[in-house]
Amino acid sequence: MSAQPLLPPSARPSHPHPRRWWALGALLAAEAMNLLDATIVQVAAPRMRADLGGPAAAVPWLTTAYTLPFAILLLTGGRLGDRAGRRRMFRIGVIGFLLSSLACACAPTLGALLVFRAVQGAAAAVIVPQTIGLIKAMFRGPETARALGTIGPVMGLAAVAGPVLGGVLTHADLFGSSWRAVFLVNLPLSLAVLALAPLLIEDRAPRRPGLDPVGSALAALATGLLVLPLLATGHTSPVWPAVGAAAAVAFVVHQRRGARRGTDTLVEPSLFTSVRFPAALVALALAFAATTGLGLVVVLQLQLGSGADALASGLTLLPMSAGLAAGSLWAGSSLVPRYGARVMPAGVAVMAIGVTAAIGAYRTGERPDALPYALAVVGLGQGLFTPAFFTTALGSLRPQETGSAAGLLNAVQQLGSTLGVAVLGRIYLAAPDSAGAQRACWVAVGVLAAVAVAGRAMSGTHTSPAAIPTEPCVTEPDAAEPEATEPDAAEPGATEPNTAGPDAAEPEATEPNTAGPDTAESDGASDPREPTHAR
């Protein structure tokens with residue numbers, strides 16, 4: 001069966017989408033809105049429980065009820081975009097997010113709020129994986145790298161700004177809404193995104209993949225059983241993590257077996273043919289574990305250790321948000337185009353310096369004056385790290401890998417944030433004072449050291465700044481451009497278009513005889529990256 005009819009006409013022209021920057025604004029607004037809701041309730045959660053009733057142990061679940069379905073369903077959300085069209089699934093997800101946000105704002109009980117939060121997380125899992133594929137469909141050439149480089153800063157800024165916005169909205173008590181405003185703010189944002197959604201072009205994978213329900217169930221089971229014991233209070237049985245680990249092993253076996261048999265799998269096997277993408281997953285999860293967990297520790301220390309209110313707790317993180325914004329702008333406009341992946345270790349080093357400075361600040365008292373300056377340095381390092389990370393990790397993705405890669409990256413980001421909140425929060429709560437905050441910060445420094453190691457593994461062969469902006473224009477048009485215009489876009493040599501473009505774009509003519517070897521070569525670690533070395 002020919003894969004060509006599955007490609008929409010809008011994906012075929014070689015020129016970029018004329019309204020791409022406005023459309024990018026819609027994608028980034030939706031991304032920020034979804035990720036913001038993962039942390040916006042951290043400051044408002046005690047007020048929610050006070051108004052709706054329920055045990056104190058339910059407070060962490062106001063965050064987890066959203067992030068866990070979000071993380072579990074992201075892979076399936078990416079596959080739905082590959083199959084049904086990314087713009088279509090993006091719109092459906094935004095509508096679902098709008099309605100579930102309204103339901104959260106009107107929740108009469110804590111139990112109802114938890115259910116609506118889970119639905120909200122499921123809707124976010126449909127929206128977020130479509131961003132990368134739509135960006136690669138609308139942009140061409142070096143602009144692709146610049147557009148992809150905006151994803152990381154938006155993710156980081158949304159995660160850090162969530163507690164700030166939650167504290168401001170809860171304290172403002174607009175029209176007597178109290179904590180309900182943290183959900184009502186999603187309504188105008190969702191409507192604005194839907195108004196801009198027609199500017200997006202439709203896009204889907206060159207070949208319509210299956211959904212792999214067995215793989216989805218194993219991934220959900222493994223994630224839930226490994227993460228939930230970390231969030232539980234008191235003693236938990238070791239049986240559940242053991243079952244979760246067994247489910248994770250079964251998931252890996254299932255994916256490998258499906259790849260050998262040629263059946264559709266939840267994860268594209270070609271993503272794991274080299275160490276680069278697995279290392280990217282580890283680096284992203286650990287980076288967000290350190291920064292999100294640190295933000296929670298700062299808020300908890302202010303509220304429990306020094307008696308600060310919700311507004312003061314949220315505003316303390318404002319320097320971290322400002323540093324992230326400044327670092328992202330600097331990295332995206334100057335450093336990454338010039339130095340490429342080498343900006344990543346510099347960002348990690350700056351983050352570690354900032355966390356170490358926070359440790360020194362906590363040694364002076366429960367509410368140290370120097371803490372905002374330390375947090376600004378942490379934010380600056382995160383701003384330097386994220387554009388370089390996402391440009392490097394996403395630059396060489398091919399169309400059939402986009403949905404799976406987007407789901408995996410966003411899933412590990414959410415899991416990393418959840419683990420950071422659970423681990424660093426538990427370390428602090430074991431001794432809720434400045435000493436406990438120092439211990440949590442030391443753990444964050446160790447986590448950042450692991451991020452540096454993983455970042456080295458993912459970028460060891462891709463440190464040239466020229467490699468990053470040119471890879472997307474080599475890989476993306478292959479499936480969408482069977483015409484003879486591809487050599488003009490790449491021009492590294494006469495052999496490049498013959499091995500990547502026609503073979504991928506015209507499977508119907510050669511698939512029985514040559515698709516296997518060609519695909520095997522293109523799925524490897526070397527083929528998609530060859531244009532970089534050829535230059």
# chains A, B, ... in the order shown; residues from 1 in each chain; ligands from 1
>>> residues_around(residues="region 213-223 of chain A", least_positions_apart="2", cutoff="9 Å", atoms="only C-alpha atoms", output="ChimeraX atom specification")
/A:68-69,71-73,75-76,210-211,225-228,241,243-252,254-255,265-267,415
>>> residues_around(residues="Leu148 (chain A)", least_positions_apart="4", cutoff="12 Å", atoms="only C-alpha atoms", output="PyMOL selection string")
chain A and resi 21+24+27-28+131-144+152-155+332+336+386-397+406+468-469+471-472
>>> residues_around(residues="Gln413 (chain A)", least_positions_apart="6", cutoff="8 Å", atoms="only C-alpha atoms", output="PyMOL selection string")
chain A and resi 284-285+288
>>> residues_around(residues="Ala161 (chain A)", least_positions_apart="4", cutoff="7 Å", atoms="only C-alpha atoms", output="list in words")
Leu157, Leu165 and Ser321 of chain A
>>> atom_distance(atom1="CA of Ala422 (chain A)", atom2="CA of Leu300 (chain A)")
12.7 Å
>>> select_by_dssp(residues="region 156-335 of chain A", states="alpha helix (DSSP H)", output="MDAnalysis selection string")
chainID A and resid 156:172 181:184 186:196 213:231 239:261 276:300 310:316 318:330
>>> closest_atom_pairs(of="region 163-249 of chain A", to="region 89-102 of chain A", cutoff="9 Å", atoms="only C-alpha atoms", output="CSV")
residue,atom,partner,partner_atom,distance
A:Phe183,CA,A:Ser101,CA,5.4
A:Leu184,CA,A:Leu102,CA,6.4
A:Val185,CA,A:Ser101,CA,8.8
A:Asn186,CA,A:Ser101,CA,6.6
A:Leu187,CA,A:Leu98,CA,5.8
A:Pro188,CA,A:Leu98,CA,8.9
A:Leu189,CA,A:Leu98,CA,8.8
A:Ser190,CA,A:Leu98,CA,5.9
A:Leu191,CA,A:Leu98,CA,8.0
A:Val193,CA,A:Val94,CA,7.8
A:Leu194,CA,A:Arg91,CA,6.8
A:Ala197,CA,A:Arg91,CA,7.1
>>> write_last_selection(atoms="N, CA and C atoms", output="PDB file, in the first residue's frame")
ATOM      1  N   PHE A 183      -7.576  27.692  37.468  1.00  0.00           N
ATOM      2  CA  PHE A 183      -8.136  26.905  36.367  1.00  0.00           C
ATOM      3  C   PHE A 183      -8.894  27.788  35.370  1.00  0.00           C
ATOM      4  N   LEU A 184      -9.544  28.837  35.864  1.00  0.00           N
ATOM      5  CA  LEU A 184     -10.294  29.722  34.970  1.00  0.00           C
ATOM      6  C   LEU A 184      -9.368  30.463  34.007  1.00  0.00           C
ATOM      7  N   VAL A 185      -8.108  30.670  34.387  1.00  0.00           N
ATOM      8  CA  VAL A 185      -7.180  31.355  33.493  1.00  0.00           C
ATOM      9  C   VAL A 185      -6.952  30.564  32.214  1.00  0.00           C
ATOM     10  N   ASN A 186      -7.218  29.262  32.230  1.00  0.00           N
ATOM     11  CA  ASN A 186      -7.050  28.447  31.025  1.00  0.00           C
ATOM     12  C   ASN A 186      -8.112  28.725  29.969  1.00  0.00           C
ATOM     13  N   LEU A 187      -9.253  29.287  30.361  1.00  0.00           N
ATOM     14  CA  LEU A 187     -10.339  29.472  29.401  1.00  0.00           C
ATOM     15  C   LEU A 187      -9.979  30.488  28.318  1.00  0.00           C
ATOM     16  N   PRO A 188      -9.570  31.717  28.670  1.00  0.00           N
ATOM     17  CA  PRO A 188      -9.190  32.634  27.571  1.00  0.00           C
ATOM     18  C   PRO A 188      -7.976  32.156  26.790  1.00  0.00           C
ATOM     19  N   LEU A 189      -7.036  31.487  27.461  1.00  0.00           N
ATOM     20  CA  LEU A 189      -5.875  30.970  26.739  1.00  0.00           C
ATOM     21  C   LEU A 189      -6.288  29.907  25.719  1.00  0.00           C
ATOM     22  N   SER A 190      -7.176  29.010  26.131  1.00  0.00           N
ATOM     23  CA  SER A 190      -7.643  27.964  25.210  1.00  0.00           C
ATOM     24  C   SER A 190      -8.399  28.560  24.031  1.00  0.00           C
ATOM     25  N   LEU A 191      -9.234  29.549  24.293  1.00  0.00           N
ATOM     26  CA  LEU A 191      -9.985  30.179  23.204  1.00  0.00           C
ATOM     27  C   LEU A 191      -9.044  30.891  22.235  1.00  0.00           C
ATOM     28  N   VAL A 193      -5.937  30.023  21.582  1.00  0.00           N
ATOM     29  CA  VAL A 193      -5.256  28.978  20.814  1.00  0.00           C
ATOM     30  C   VAL A 193      -6.175  28.432  19.727  1.00  0.00           C
ATOM     31  N   LEU A 194      -7.437  28.207  20.068  1.00  0.00           N
ATOM     32  CA  LEU A 194      -8.386  27.705  19.074  1.00  0.00           C
ATOM     33  C   LEU A 194      -8.604  28.720  17.952  1.00  0.00           C
ATOM     34  N   ALA A 197      -5.653  28.258  15.697  1.00  0.00           N
ATOM     35  CA  ALA A 197      -5.442  26.905  15.182  1.00  0.00           C
ATOM     36  C   ALA A 197      -5.651  26.778  13.675  1.00  0.00           C
TER      37      ALA A 197
END
>>> closest_residue(among="A:Ala430, A:Thr316, A:Val168, A:Val412", to="Asp369 (chain A)", atoms="only C-alpha atoms")
A:Thr316
>>> residues_around(residues="Gly78 (chain A)", least_positions_apart="5", cutoff="9 Å", atoms="only C-alpha atoms", output="PyMOL selection string")
chain A and resi 73+83+86+125-130+402-408
>>> write_last_selection(atoms="N, CA, C and O atoms", output="PDB file, in the first residue's frame")
ATOM      1  N   LEU A  73      -0.089   8.919  29.011  1.00  0.00           N
ATOM      2  CA  LEU A  73      -0.811   8.927  27.741  1.00  0.00           C
ATOM      3  C   LEU A  73      -0.115   9.714  26.637  1.00  0.00           C
ATOM      4  O   LEU A  73      -0.630   9.782  25.527  1.00  0.00           O
ATOM      5  N   ARG A  83      -1.472   9.158  13.174  1.00  0.00           N
ATOM      6  CA  ARG A  83      -2.516   8.447  12.431  1.00  0.00           C
ATOM      7  C   ARG A  83      -3.585   9.394  11.882  1.00  0.00           C
ATOM      8  O   ARG A  83      -3.875   9.404  10.687  1.00  0.00           O
ATOM      9  N   ARG A  86      -2.064  15.710  12.948  1.00  0.00           N
ATOM     10  CA  ARG A  86      -1.613  16.407  14.156  1.00  0.00           C
ATOM     11  C   ARG A  86      -2.443  17.651  14.432  1.00  0.00           C
ATOM     12  O   ARG A  86      -2.704  17.984  15.584  1.00  0.00           O
ATOM     13  N   ALA A 125      -2.160  15.441  27.220  1.00  0.00           N
ATOM     14  CA  ALA A 125      -1.360  14.408  26.561  1.00  0.00           C
ATOM     15  C   ALA A 125      -1.688  14.285  25.080  1.00  0.00           C
ATOM     16  O   ALA A 125      -0.879  13.749  24.311  1.00  0.00           O
ATOM     17  N   VAL A 126      -2.842  14.766  24.659  1.00  0.00           N
ATOM     18  CA  VAL A 126      -3.192  14.773  23.242  1.00  0.00           C
ATOM     19  C   VAL A 126      -2.619  16.003  22.547  1.00  0.00           C
ATOM     20  O   VAL A 126      -2.251  15.947  21.371  1.00  0.00           O
ATOM     21  N   ILE A 127      -2.487  17.112  23.275  1.00  0.00           N
ATOM     22  CA  ILE A 127      -2.035  18.368  22.670  1.00  0.00           C
ATOM     23  C   ILE A 127      -0.526  18.392  22.461  1.00  0.00           C
ATOM     24  O   ILE A 127      -0.025  18.656  21.357  1.00  0.00           O
ATOM     25  N   VAL A 128       0.215  18.149  23.520  1.00  0.00           N
ATOM     26  CA  VAL A 128       1.650  18.439  23.541  1.00  0.00           C
ATOM     27  C   VAL A 128       2.458  17.648  22.506  1.00  0.00           C
ATOM     28  O   VAL A 128       3.355  18.215  21.874  1.00  0.00           O
ATOM     29  N   PRO A 129       2.174  16.353  22.265  1.00  0.00           N
ATOM     30  CA  PRO A 129       3.019  15.624  21.294  1.00  0.00           C
ATOM     31  C   PRO A 129       2.907  16.127  19.865  1.00  0.00           C
ATOM     32  O   PRO A 129       3.752  15.789  19.030  1.00  0.00           O
ATOM     33  N   GLN A 130       1.886  16.920  19.557  1.00  0.00           N
ATOM     34  CA  GLN A 130       1.716  17.375  18.176  1.00  0.00           C
ATOM     35  C   GLN A 130       2.634  18.547  17.837  1.00  0.00           C
ATOM     36  O   GLN A 130       2.840  18.853  16.660  1.00  0.00           O
ATOM     37  N   THR A 402       8.622  11.337  14.567  1.00  0.00           N
ATOM     38  CA  THR A 402       8.261  12.571  15.246  1.00  0.00           C
ATOM     39  C   THR A 402       7.272  12.352  16.376  1.00  0.00           C
ATOM     40  O   THR A 402       7.479  12.815  17.502  1.00  0.00           O
ATOM     41  N   GLY A 403       6.161  11.653  16.096  1.00  0.00           N
ATOM     42  CA  GLY A 403       5.150  11.471  17.137  1.00  0.00           C
ATOM     43  C   GLY A 403       5.669  10.693  18.322  1.00  0.00           C
ATOM     44  O   GLY A 403       5.430  11.055  19.485  1.00  0.00           O
ATOM     45  N   SER A 404       6.398   9.615  18.044  1.00  0.00           N
ATOM     46  CA  SER A 404       6.954   8.800  19.121  1.00  0.00           C
ATOM     47  C   SER A 404       7.972   9.580  19.936  1.00  0.00           C
ATOM     48  O   SER A 404       7.965   9.544  21.174  1.00  0.00           O
ATOM     49  N   ALA A 405       8.859  10.319  19.255  1.00  0.00           N
ATOM     50  CA  ALA A 405       9.878  11.091  19.971  1.00  0.00           C
ATOM     51  C   ALA A 405       9.255  12.198  20.807  1.00  0.00           C
ATOM     52  O   ALA A 405       9.669  12.432  21.952  1.00  0.00           O
ATOM     53  N   ALA A 406       8.259  12.893  20.256  1.00  0.00           N
ATOM     54  CA  ALA A 406       7.609  13.960  21.011  1.00  0.00           C
ATOM     55  C   ALA A 406       6.925  13.413  22.258  1.00  0.00           C
ATOM     56  O   ALA A 406       7.010  13.998  23.346  1.00  0.00           O
ATOM     57  N   GLY A 407       6.238  12.282  22.099  1.00  0.00           N
ATOM     58  CA  GLY A 407       5.597  11.677  23.265  1.00  0.00           C
ATOM     59  C   GLY A 407       6.595  11.255  24.322  1.00  0.00           C
ATOM     60  O   GLY A 407       6.383  11.471  25.519  1.00  0.00           O
ATOM     61  N   LEU A 408       7.706  10.651  23.890  1.00  0.00           N
ATOM     62  CA  LEU A 408       8.717  10.200  24.847  1.00  0.00           C
ATOM     63  C   LEU A 408       9.357  11.374  25.585  1.00  0.00           C
ATOM     64  O   LEU A 408       9.514  11.343  26.815  1.00  0.00           O
TER      65      LEU A 408
END
>>> atom_distance(atom1="CA of Trp61 (chain A)", atom2="CA of Ala322 (chain A)")
28.6 Å
